[in-house]
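The file coords.cif comes next; it holds mmCIF, C-alpha atoms.
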```
data_data
#
loop_
_atom_site.label_atom_id
_atom_site.label_comp_id
_atom_site.auth_asym_id
_atom_site.auth_seq_id
_atom_site.Cartn_x
_atom_site.Cartn_y
_atom_site.Cartn_z
CA MET A 1 6.51 4.40 2.09
CA VAL A 2 3.28 5.69 3.55
CA VAL A 3 0.94 2.71 3.67
CA ALA A 4 -2.78 3.26 3.37
CA GLU A 5 -5.94 1.31 2.64
CA ARG A 6 -9.23 2.18 1.04
CA LYS A 7 -12.10 3.12 3.28
CA PRO A 8 -15.07 0.75 3.21
CA ILE A 9 -17.35 1.34 0.20
CA GLU A 10 -20.29 1.94 2.55
CA GLU A 11 -18.47 4.80 4.30
CA ILE A 12 -17.51 6.34 0.95
CA LEU A 13 -21.05 6.02 -0.41
CA ASP A 14 -22.34 7.81 2.67
CA MET A 15 -19.78 10.61 2.18
CA ILE A 16 -20.81 11.19 -1.43
CA LYS A 17 -24.53 10.49 -1.15
CA GLU A 18 -25.51 14.04 -2.05
CA PHE A 19 -23.21 14.37 -5.05
CA ASP A 20 -23.92 13.73 -8.73
CA LYS A 21 -20.57 14.63 -10.26
CA VAL A 22 -17.18 14.19 -8.62
CA LEU A 23 -13.51 14.13 -9.51
CA LEU A 24 -11.64 11.10 -8.20
CA THR A 25 -7.94 11.80 -7.86
CA GLY A 26 -5.22 9.20 -7.43
CA CYS A 27 -1.58 9.55 -6.49
CA LYS A 28 1.36 7.85 -8.22
CA GLY A 29 3.48 7.96 -5.05
CA CYS A 30 3.45 5.67 -2.02
CA VAL A 31 -0.21 4.69 -2.32
CA THR A 32 0.38 3.32 -5.83
CA VAL A 33 3.12 1.08 -4.47
CA CYS A 34 0.91 -0.18 -1.64
CA ASN A 35 -1.98 -0.71 -4.07
CA ALA A 36 -4.30 1.68 -2.30
CA GLY A 37 -4.66 4.79 -4.43
CA GLY A 38 -2.89 4.58 -7.78
CA GLU A 39 -4.35 4.77 -11.27
CA LYS A 40 -5.64 1.21 -11.06
CA GLU A 41 -7.35 1.63 -7.70
CA VAL A 42 -8.88 4.88 -8.95
CA GLY A 43 -10.43 2.92 -11.83
CA ILE A 44 -11.69 0.17 -9.53
CA LEU A 45 -13.20 2.55 -6.97
CA ALA A 46 -14.80 4.69 -9.68
CA SER A 47 -16.40 1.62 -11.22
CA ALA A 48 -17.54 0.28 -7.82
CA LEU A 49 -19.11 3.61 -6.87
CA LYS A 50 -20.85 3.87 -10.26
CA ILE A 51 -22.24 0.35 -9.83
CA ALA A 52 -23.48 1.10 -6.31
CA ARG A 53 -25.12 4.35 -7.39
CA LYS A 54 -26.70 2.78 -10.47
CA LYS A 55 -28.16 0.20 -8.13
CA GLU A 56 -29.65 2.96 -6.02
CA GLY A 57 -31.16 4.46 -9.16
CA ARG A 58 -29.13 7.63 -8.86
CA GLU A 59 -26.20 7.55 -11.23
CA ILE A 60 -23.04 9.45 -10.46
CA GLU A 61 -20.57 10.93 -12.91
CA ILE A 62 -16.98 10.28 -11.89
CA ASP A 63 -13.98 11.76 -13.69
CA GLU A 64 -10.65 10.14 -12.95
CA ILE A 65 -7.20 11.68 -12.75
CA THR A 66 -4.02 10.39 -11.17
CA LEU A 67 -1.36 12.91 -10.26
CA GLU A 68 2.37 12.29 -10.08
CA ARG A 69 2.13 13.08 -6.37
CA GLN A 70 -0.44 14.83 -4.21
CA CYS A 71 2.11 16.06 -1.67
CA ASP A 72 3.71 18.69 -3.92
CA PRO A 73 1.88 21.92 -4.84
CA GLU A 74 3.09 21.86 -8.47
CA TYR A 75 1.25 18.59 -9.10
CA ILE A 76 -1.87 19.79 -7.31
CA ASP A 77 -1.85 22.69 -9.78
CA GLN A 78 -2.70 20.15 -12.50
CA LEU A 79 -6.16 19.90 -10.99
CA GLU A 80 -6.81 23.56 -11.80
CA ASP A 81 -7.91 22.78 -15.34
CA PRO A 82 -10.39 19.95 -14.65
CA ILE A 83 -11.80 21.66 -11.55
CA SER A 84 -12.32 25.02 -13.25
CA LYS A 85 -13.86 23.50 -16.39
CA ASN A 86 -16.21 21.11 -14.61
CA ASN A 87 -18.77 21.82 -12.03
CA TYR A 88 -17.78 19.09 -9.60
CA ASP A 89 -19.79 18.69 -6.44
CA ALA A 90 -16.67 17.43 -4.68
CA VAL A 91 -13.14 16.14 -5.17
CA LEU A 92 -12.29 12.71 -3.78
CA SER A 93 -8.67 11.96 -3.03
CA MET A 94 -7.11 8.52 -3.05
CA ALA A 95 -3.79 9.78 -1.67
CA CYS A 96 -2.59 9.54 1.91
CA SER A 97 -4.19 12.26 4.02
CA VAL A 98 -1.62 14.78 2.78
CA GLY A 99 -3.33 14.75 -0.64
CA PRO A 100 -6.82 15.89 0.38
CA GLN A 101 -5.26 18.56 2.60
CA TYR A 102 -3.19 19.89 -0.29
CA ILE A 103 -6.24 19.94 -2.56
CA ALA A 104 -8.28 21.73 0.13
CA LYS A 105 -5.50 24.29 0.57
CA ARG A 106 -5.17 24.92 -3.18
CA PHE A 107 -8.90 25.07 -3.94
CA ASP A 108 -10.53 27.14 -1.25
CA THR A 109 -14.16 26.56 -2.21
CA VAL A 110 -13.97 22.91 -3.22
CA LEU A 111 -15.25 20.10 -0.99
CA VAL A 112 -12.56 17.44 -0.55
CA TYR A 113 -13.03 13.91 0.80
CA PRO A 114 -10.42 11.29 1.73
CA MET A 115 -10.96 7.85 0.20
CA LEU A 116 -8.15 6.18 2.13
CA ASN A 117 -7.24 5.59 5.73
CA THR A 118 -3.55 6.42 6.09
CA SER A 119 -2.21 3.58 8.17
CA PHE A 120 1.52 3.73 8.79
CA ILE A 121 5.06 4.14 7.46
CA GLY A 122 6.10 0.69 6.41
CA GLY A 123 7.22 -1.71 3.76
CA SER A 124 5.96 -4.80 1.99
CA LEU A 125 6.66 -8.21 3.53
CA GLU A 126 5.46 -9.93 0.36
CA HIS A 127 3.16 -9.01 -2.51
CA GLY A 128 -0.06 -7.80 -0.91
CA VAL A 129 1.22 -7.69 2.68
CA TRP A 130 2.53 -4.55 4.37
CA ALA A 131 3.82 -3.92 7.87
CA GLU A 132 4.78 -0.97 10.01
CA PHE A 133 8.48 -0.26 10.37
CA CYS A 134 8.76 3.39 11.37
CA GLN A 135 6.86 5.74 13.62
CA ALA A 136 8.63 8.93 12.48
CA CYS A 137 9.86 9.69 16.00
CA GLY A 138 12.33 12.17 14.54
CA SER A 139 15.52 10.81 16.12
CA CYS A 140 16.46 7.44 14.67
CA ALA A 141 18.46 5.17 16.95
CA ILE A 142 18.00 1.78 15.33
CA HIS A 143 21.77 1.27 15.14
CA ASN A 144 21.64 0.63 18.89
CA PHE A 145 19.17 -2.19 18.33
CA GLY A 146 20.74 -4.19 15.53
CA GLY A 147 18.99 -2.07 12.90
CA LEU A 148 15.51 -2.91 14.15
CA CYS A 149 13.16 -0.29 15.53
CA PRO A 150 11.71 -0.95 18.98
CA ILE A 151 9.68 2.27 18.82
CA ALA A 152 7.57 1.22 15.84
CA ARG A 153 7.75 -2.55 16.13
CA CYS A 154 7.35 -3.13 19.87
CA ALA A 155 3.76 -2.79 21.05
CA LYS A 156 4.99 -0.88 24.09
CA SER A 157 7.80 0.98 22.27
CA LEU A 158 10.15 -0.32 24.92
CA MET A 159 13.71 0.98 24.83
CA ASN A 160 14.86 -1.78 27.16
CA GLY A 161 13.19 -5.04 26.26
CA PRO A 162 11.84 -7.58 25.97
CA CYS A 163 8.98 -7.48 28.42
CA GLY A 164 7.28 -10.42 30.08
CA GLY A 165 4.82 -10.67 27.24
CA SER A 166 7.42 -12.07 24.86
CA SER A 167 6.92 -15.76 24.28
CA GLY A 168 8.52 -18.00 21.68
CA GLY A 169 9.59 -14.95 19.67
CA LYS A 170 6.04 -13.62 19.51
CA CYS A 171 4.36 -10.67 21.18
CA GLU A 172 1.52 -11.21 23.62
CA ILE A 173 -0.76 -8.91 21.59
CA SER A 174 -1.01 -11.48 18.80
CA PRO A 175 0.61 -14.79 17.89
CA GLU A 176 1.19 -13.26 14.43
CA THR A 177 3.22 -10.35 15.76
CA ASP A 178 6.94 -10.88 16.14
CA CYS A 179 8.48 -9.67 19.37
CA VAL A 180 10.95 -7.16 17.97
CA TRP A 181 13.02 -7.42 21.13
CA HIS A 182 13.42 -11.13 20.48
CA LEU A 183 14.58 -10.25 16.96
CA ILE A 184 16.89 -7.57 18.34
CA TYR A 185 18.41 -10.03 20.80
CA GLU A 186 18.97 -12.63 18.08
CA ARG A 187 20.51 -10.16 15.69
CA MET A 188 22.74 -8.54 18.28
CA SER A 189 23.82 -12.03 19.20
CA ARG A 190 24.73 -12.81 15.58
CA LEU A 191 26.58 -9.49 15.36
CA GLY A 192 28.52 -10.30 18.51
CA GLN A 193 27.20 -7.14 20.14
CA LEU A 194 25.09 -8.62 22.93
CA ASP A 195 27.15 -6.68 25.49
CA LYS A 196 25.67 -3.46 24.06
CA LEU A 197 22.24 -4.57 25.19
CA GLY A 198 23.57 -4.62 28.74
CA ASN A 199 23.52 -0.83 28.81
CA VAL A 200 20.31 0.69 30.08
CA VAL A 201 18.95 3.06 27.45
CA MET A 202 17.62 6.17 29.12
CA PHE A 203 14.19 7.55 28.37
CA LYS A 204 13.74 8.87 24.87
CA ASP A 205 13.53 12.54 24.06
CA TRP A 206 10.15 12.73 22.39
CA THR A 207 10.35 16.43 21.50
CA THR A 208 11.44 15.44 17.99
CA SER A 209 8.28 13.35 17.67
CA ARG A 210 4.69 14.57 17.69
CA ASP A 211 5.09 15.79 21.26
CA GLY A 212 6.73 18.91 19.91
CA GLY A 213 3.65 19.74 17.79
CA PRO A 214 3.43 19.60 13.98
CA ARG A 215 6.90 19.29 12.53
CA LYS A 216 8.62 21.15 9.75
CA ILE A 217 11.96 20.75 8.00
CA VAL A 218 13.60 23.71 6.30
CA ARG A 219 16.56 23.34 3.95
CA GLU A 220 17.84 26.88 3.43
CA ASP A 221 20.07 25.75 0.55
CA LEU A 222 17.04 24.51 -1.40
CA LYS A 223 14.52 27.12 -0.36
CA GLN A 224 13.72 29.83 -2.89
CA MET B 1 -19.50 -32.44 -30.53
CA ARG B 2 -22.11 -29.85 -31.53
CA LEU B 3 -23.04 -29.21 -27.94
CA ASN B 4 -25.66 -26.65 -27.10
CA TYR B 5 -25.34 -24.04 -24.39
CA PRO B 6 -27.50 -21.00 -23.58
CA THR B 7 -27.37 -18.23 -26.15
CA ASN B 8 -27.38 -15.48 -23.53
CA ILE B 9 -23.69 -16.07 -22.86
CA ARG B 10 -21.25 -13.79 -24.58
CA ILE B 11 -17.74 -15.15 -24.78
CA ILE B 12 -14.74 -12.85 -24.53
CA ASN B 13 -11.45 -14.55 -25.33
CA VAL B 14 -8.35 -13.88 -23.28
CA PRO B 15 -4.95 -15.50 -23.74
CA CYS B 16 -5.00 -16.72 -20.12
CA THR B 17 -7.38 -16.07 -17.23
CA GLY B 18 -4.39 -14.37 -15.59
CA ARG B 19 -5.17 -11.52 -17.99
CA VAL B 20 -8.62 -11.01 -16.47
CA ASP B 21 -8.50 -7.93 -14.33
CA ILE B 22 -10.75 -6.81 -11.47
CA LEU B 23 -11.75 -3.88 -13.64
CA HIS B 24 -12.84 -6.16 -16.52
CA LEU B 25 -15.29 -7.91 -14.20
CA LEU B 26 -16.47 -4.64 -12.64
CA LYS B 27 -17.01 -2.94 -16.00
CA ALA B 28 -19.21 -5.81 -17.14
CA ILE B 29 -21.35 -5.44 -14.00
CA GLU B 30 -21.30 -1.65 -14.35
CA ASP B 31 -22.53 -1.91 -17.93
CA GLY B 32 -25.44 -4.05 -16.84
CA ALA B 33 -24.36 -7.67 -17.18
CA ASP B 34 -26.50 -9.88 -14.94
CA GLY B 35 -23.49 -12.06 -14.20
CA VAL B 36 -19.90 -12.64 -15.27
CA TYR B 37 -17.94 -15.84 -15.05
CA VAL B 38 -14.39 -16.69 -15.83
CA VAL B 39 -13.55 -20.10 -17.30
CA GLY B 40 -9.93 -21.04 -16.79
CA CYS B 41 -7.74 -24.08 -17.06
CA LEU B 42 -7.64 -26.63 -14.28
CA GLU B 43 -5.67 -25.49 -11.26
CA GLY B 44 -2.12 -26.68 -11.58
CA ASP B 45 -2.41 -26.82 -15.37
CA CYS B 46 -1.76 -23.16 -16.16
CA HIS B 47 0.65 -22.74 -19.07
CA TYR B 48 1.86 -19.59 -17.31
CA LEU B 49 1.92 -21.45 -13.99
CA THR B 50 -0.32 -19.22 -11.86
CA GLY B 51 -2.65 -17.33 -14.22
CA ASN B 52 -5.81 -19.17 -13.15
CA LEU B 53 -4.88 -18.90 -9.46
CA LYS B 54 -4.48 -15.15 -9.83
CA ALA B 55 -7.82 -14.97 -11.64
CA ARG B 56 -9.51 -16.81 -8.76
CA LYS B 57 -8.14 -14.29 -6.26
CA ARG B 58 -9.41 -11.41 -8.41
CA VAL B 59 -12.84 -13.00 -8.77
CA ASN B 60 -12.96 -13.40 -4.98
CA TYR B 61 -11.97 -9.73 -4.57
CA VAL B 62 -14.80 -8.66 -6.86
CA LYS B 63 -17.21 -10.89 -4.93
CA LYS B 64 -16.25 -9.05 -1.73
CA LEU B 65 -16.63 -5.68 -3.44
CA LEU B 66 -20.10 -6.62 -4.70
CA GLU B 67 -21.06 -7.77 -1.23
CA GLU B 68 -19.95 -4.39 0.14
CA MET B 69 -22.28 -2.77 -2.37
CA GLY B 70 -25.19 -5.03 -1.47
CA ILE B 71 -25.06 -6.98 -4.74
CA GLU B 72 -25.16 -10.79 -4.73
CA PRO B 73 -21.54 -12.04 -4.92
CA GLY B 74 -22.80 -15.06 -6.84
CA ARG B 75 -23.13 -12.87 -9.92
CA VAL B 76 -19.38 -13.34 -10.39
CA GLU B 77 -17.78 -16.77 -10.56
CA ILE B 78 -14.76 -18.70 -11.76
CA TYR B 79 -14.76 -22.27 -13.07
CA ASN B 80 -11.86 -24.50 -13.96
CA LEU B 81 -11.86 -27.09 -16.69
CA SER B 82 -9.58 -28.36 -19.39
CA ALA B 83 -9.84 -27.66 -23.12
CA ALA B 84 -10.86 -31.31 -23.59
CA GLN B 85 -13.97 -30.95 -21.42
CA GLY B 86 -16.46 -29.60 -23.95
CA PRO B 87 -19.50 -31.14 -22.25
CA ARG B 88 -18.44 -29.60 -18.94
CA PHE B 89 -18.17 -26.19 -20.65
CA ALA B 90 -21.76 -26.46 -21.82
CA GLU B 91 -22.83 -27.72 -18.41
CA ILE B 92 -21.17 -24.73 -16.67
CA ALA B 93 -22.92 -22.38 -19.09
CA ARG B 94 -26.27 -23.92 -18.18
CA GLU B 95 -25.40 -24.00 -14.48
CA PHE B 96 -24.41 -20.34 -14.33
CA THR B 97 -27.36 -19.25 -16.46
CA ALA B 98 -29.68 -21.08 -14.07
CA ARG B 99 -28.02 -19.41 -11.09
CA ILE B 100 -28.40 -15.95 -12.62
CA LYS B 101 -32.01 -16.63 -13.59
CA GLU B 102 -32.66 -17.50 -9.97
CA LEU B 103 -30.97 -14.28 -8.81
CA GLY B 104 -32.97 -12.30 -11.35
CA PRO B 105 -31.92 -9.28 -13.38
CA THR B 106 -29.01 -7.21 -12.08
CA PRO B 107 -30.04 -4.56 -9.53
CA VAL B 108 -27.64 -2.25 -11.36
CA ARG B 109 -30.01 -2.00 -14.35
CA ALA B 110 -33.13 -2.20 -12.21
CA GLY B 111 -31.95 0.84 -10.25
CA GLY B 112 -31.77 2.84 -13.46
CA LYS B 113 -35.23 1.75 -14.49
CA ALA B 114 -36.64 2.65 -11.09
CA LYS B 115 -35.29 6.13 -11.62
CA GLU B 116 -36.88 6.43 -15.08
CA LYS B 117 -40.21 5.39 -13.64
CA ALA B 118 -39.88 7.84 -10.79
CA ALA B 119 -39.15 10.63 -13.30
#
```

Structure translated into structure tokens:
Amino acid sequence: MVVAERKPIEEILDMIKEFDKVLLTGCKGCVTVCNAGGEKEVGILASALKIARKKEGREIEIDEITLERQCDPEYIDQLEDPISKNNYDAVLSMACSVGPQYIAKRFDTVLVYPMLNTSFIGGSLEHGVWAEFCQACGSCAIHNFGGLCPIARCAKSLMNGPCGGSSGGKCEISPETDCVWHLIYERMSRLGQLDKLGNVVMFKDWTTSRDGGPRKIVREDLKQ
Amino acid sequence: MRLNYPTNIRIINVPCTGRVDILHLLKAIEDGADGVYVVGCLEGDCHYLTGNLKARKRVNYVKKLLEEMGIEPGRVEIYNLSAAQGPRFAEIAREFTARIKELGPTPVRAGGKAKEKAA
């Protein structure tokens, strides 16, 4: 999932300081799962912002709505009704950064603000803890590394590791960060495939990653 | 025991403090409560095992949120005691009331009043 976290309240308050009535939109997709921007977080942020503004002596009206997803135009259409019927000063989005961009695209004259910092593509390690597992490089090769990704999980994205900074299974950047090359070595060892690590992996073709510019996928069979 | 405790406290019953949500605490502050405290069972004594531990984490989260907003985190608190500790319940009520009196009225309501005066 896309993992995100809420921006600091202070930053949000500064963004909305001139507004008196806003629509706060959540997303029931990834950001609900990572507890950053679902219905519940929308309620909490709305309440926090109302408290902060009451304290300043300038109350703010916040309407709340949580869409099925903010990365599909048909769900963004559901904002048409509340936006056209209310004179909102701005729309605040608690989706990953795709959400505010979709709202901005759909509503040309509406001010849109992101409430979250989109962090990474990852998964949960335990309840309340998330970690990065994928960097969307566009050409997955984790099968060569025991199913572990050295692009996303090695600080240097080394294709031939580990480096000298690996110590006791940890990365030199932090004692809390596993050295993925250590994990790869251990797993390949368990799989009886250590010999595969003897091959030098040539440099990666990054054209499928961001180096090729913004990416697009077209499925002609689905396209209408 | 006919124990007395301050009359300014309004009790809201929940089946377990594990039911107390971040939003419950925030809404109380938003609606102008000077302080909110959660009274749960002793740690380790939760009938549902971890209800009071979860409540403590939520209270701590709200404290952090309040701090971010420039509101005293001490306006939210959690206490643990058993159902057999009536005197302690009254003592906590007095303790928390004293703390809130020291902090003064909530800035959330004061902000509104400042606006009325300005208008």

For A:Ile12, work out the shell of residues within 12 Å, counting only C-alpha atoms and skipping chain neighbours fewer than 5 positions away, then give it as a PDB file with C-alpha atoms, keeping the file's coordinate frame.
```
ATOM      1  CA  ARG A   6      -9.230   2.180   1.040  1.00  0.00           C
ATOM      2  CA  LYS A   7     -12.100   3.120   3.280  1.00  0.00           C
ATOM      3  CA  LYS A  17     -24.530  10.490  -1.150  1.00  0.00           C
ATOM      4  CA  GLU A  18     -25.510  14.040  -2.050  1.00  0.00           C
ATOM      5  CA  PHE A  19     -23.210  14.370  -5.050  1.00  0.00           C
ATOM      6  CA  LEU A  24     -11.640  11.100  -8.200  1.00  0.00           C
ATOM      7  CA  LEU A  45     -13.200   2.550  -6.970  1.00  0.00           C
ATOM      8  CA  ALA A  46     -14.800   4.690  -9.680  1.00  0.00           C
ATOM      9  CA  ALA A  48     -17.540   0.280  -7.820  1.00  0.00           C
ATOM     10  CA  LEU A  49     -19.110   3.610  -6.870  1.00  0.00           C
ATOM     11  CA  LYS A  50     -20.850   3.870 -10.260  1.00  0.00           C
ATOM     12  CA  ALA A  52     -23.480   1.100  -6.310  1.00  0.00           C
ATOM     13  CA  ARG A  53     -25.120   4.350  -7.390  1.00  0.00           C
ATOM     14  CA  LEU A  92     -12.290  12.710  -3.780  1.00  0.00           C
ATOM     15  CA  SER A  93      -8.670  11.960  -3.030  1.00  0.00           C
ATOM     16  CA  MET A  94      -7.110   8.520  -3.050  1.00  0.00           C
ATOM     17  CA  TYR A 113     -13.030  13.910   0.800  1.00  0.00           C
ATOM     18  CA  PRO A 114     -10.420  11.290   1.730  1.00  0.00           C
ATOM     19  CA  MET A 115     -10.960   7.850   0.200  1.00  0.00           C
ATOM     20  CA  LEU A 116      -8.150   6.180   2.130  1.00  0.00           C
ATOM     21  CA  ASN A 117      -7.240   5.590   5.730  1.00  0.00           C
TER      22      ASN A 117
ATOM     23  CA  GLU B  68     -19.950  -4.390   0.140  1.00  0.00           C
ATOM     24  CA  MET B  69     -22.280  -2.770  -2.370  1.00  0.00           C
TER      25      MET B  69
END
```

Worksheet item: Selected by the PyMOL selection byres ((chain B and resi 100) around 10) in the shown coordinates: which residues, as a PyMOL selection string?
Response: chain B and resi 34-36+72+74-76+94-99+101-106

The selected residues should be written to file as a CSV table (one decimal), in the coordinates of the input (atoms: C-alpha atoms).
```csv
chain,number,residue,atom,x,y,z
B,34,ASP,CA,-26.5,-9.9,-14.9
B,35,GLY,CA,-23.5,-12.1,-14.2
B,36,VAL,CA,-19.9,-12.6,-15.3
B,72,GLU,CA,-25.2,-10.8,-4.7
B,74,GLY,CA,-22.8,-15.1,-6.8
B,75,ARG,CA,-23.1,-12.9,-9.9
B,76,VAL,CA,-19.4,-13.3,-10.4
B,94,ARG,CA,-26.3,-23.9,-18.2
B,95,GLU,CA,-25.4,-24.0,-14.5
B,96,PHE,CA,-24.4,-20.3,-14.3
B,97,THR,CA,-27.4,-19.2,-16.5
B,98,ALA,CA,-29.7,-21.1,-14.1
B,99,ARG,CA,-28.0,-19.4,-11.1
B,101,LYS,CA,-32.0,-16.6,-13.6
B,102,GLU,CA,-32.7,-17.5,-10.0
B,103,LEU,CA,-31.0,-14.3,-8.8
B,104,GLY,CA,-33.0,-12.3,-11.4
B,105,PRO,CA,-31.9,-9.3,-13.4
B,106,THR,CA,-29.0,-7.2,-12.1
```

Can you pull out the residues contacting stretch 108-110 of chain B? Cut-off 9 Å, using only C-alpha atoms, and skip same-chain residues under 4 positions away; I want them as an mmCIF file with C-alpha atoms, keeping the file's coordinate frame.
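Saved file part17.cif follows:
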```cif
data_model
loop_
_atom_site.group_PDB
_atom_site.id
_atom_site.type_symbol
_atom_site.label_atom_id
_atom_site.label_comp_id
_atom_site.auth_asym_id
_atom_site.auth_seq_id
_atom_site.Cartn_x
_atom_site.Cartn_y
_atom_site.Cartn_z
ATOM 1 C CA ILE A 51 -22.240 0.350 -9.830
ATOM 2 C CA ALA A 52 -23.480 1.100 -6.310
ATOM 3 C CA ARG A 53 -25.120 4.350 -7.390
ATOM 4 C CA LYS A 54 -26.700 2.780 -10.470
ATOM 5 C CA LYS A 55 -28.160 0.200 -8.130
ATOM 6 C CA GLU A 56 -29.650 2.960 -6.020
ATOM 7 C CA GLY A 57 -31.160 4.460 -9.160
ATOM 8 C CA ILE B 29 -21.350 -5.440 -14.000
ATOM 9 C CA GLU B 30 -21.300 -1.650 -14.350
ATOM 10 C CA ASP B 31 -22.530 -1.910 -17.930
ATOM 11 C CA GLY B 32 -25.440 -4.050 -16.840
ATOM 12 C CA ALA B 33 -24.360 -7.670 -17.180
ATOM 13 C CA ASP B 34 -26.500 -9.880 -14.940
ATOM 14 C CA ILE B 71 -25.060 -6.980 -4.740
ATOM 15 C CA ALA B 114 -36.640 2.650 -11.090
ATOM 16 C CA LYS B 115 -35.290 6.130 -11.620
#
```

Item to complete: Evaluate the PyMOL selection byres ((chain A and resi 95) around 6) here and jot the selected residues down as number ranges by chain.
Response: A: 26-27, 37, 93-94, 96, 99

Fill in: Pick from A:Gly146, A:Gly169, A:Pro214, A:Pro73, whichever lies nearest to A:Ile103 using only C-alpha atoms
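Ranking A:Gly146, A:Gly169, A:Pro214, A:Pro73 by distance to A:Ile103, first place goes to A:Pro73.
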
Practice prompt. List the neighbours of A:Asp211 out to 12 Å using only C-alpha atoms; skip same-chain residues closer than 4 positions along the sequence, and give me the result as JSON, numbers by chain.
Written response: {"A": [136, 137, 138, 204, 205, 206, 207, 215]}

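Residue neighbourhood of stretch 188-195 of chain A, excluding near-sequence residues (fewer than 2 positions): Asn144, Phe145, Gly146, Gly147, His182, Leu183, Ile184, Tyr185, Glu186, Leu197, Gly198 and Asn199 of chain A, at 10 Å, using only C-alpha atoms.
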
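For the pair atom CA of B:Ile92 and atom CA of B:Asn8, the separation is 13.1 Å.
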
Worksheet entry | Point-to-point distance from atom CA of A:Gln101 to atom CA of A:Gln70, Å rounded to tenths |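 For atom CA of A:Gln101 relative to atom CA of A:Gln70, the distance reads 9.1 Å.
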
Worksheet item: For the atom pair atom CA of A:Gly164 and atom CA of A:Val201, what is the interatomic distance in Å to one decimal place?
Response: 18.0 Å

Worksheet item: Near A:Met159, counting all atoms listed in the file, which residues have an atom at most 9 Å away, once you skip same-chain residues fewer than 2 positions from it, shown as a list in words?
Response: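 What passes the distance filter is Pro150, Ile151, Lys156, Ser157, Gly161, Pro162, Val200, Val201, Met202, Phe203 and Lys204 of chain A.
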
Discussion item. Counting all atoms listed in the file, find residues at most 6 Å from (-11.1, 12.2, -12.4) (file frame) and give them as a PyMOL selection string.
Written reply: chain A and resi 23-25+63-65

Worksheet item: For the file shown, what are the residues hit by the PyMOL selection byres ((chain B and resi 89) around 12), laid out as a PyMOL selection string?
Response: chain B and resi 1+3-6+9+11+37-41+79-88+90-96

Could you put an axis-aligned box around every listed atom of stretch 130-141 of chain A, padded by 4 Å on each side, and send me its centre and edge lengths in Å to one decimal, as JSON?
```
{"center_x": 10.5, "center_y": 3.8, "center_z": 10.7, "size_x": 23.9, "size_y": 24.7, "size_z": 20.6}
```

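Minimum distance to chain A across B:Val59, B:Leu26, B:Val20, B:Ile12 (counting all atoms listed in the file) occurs at B:Leu26.
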
Discussion item. Between A:Leu158, A:Val22, A:Leu13, A:Cys134, which residue has the minimum interatomic distance to chain B, considering all atoms listed in the file?
Written reply: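 Of A:Leu158, A:Val22, A:Leu13, A:Cys134, the one nearest chain B, counting all atoms listed in the file, is A:Leu13.
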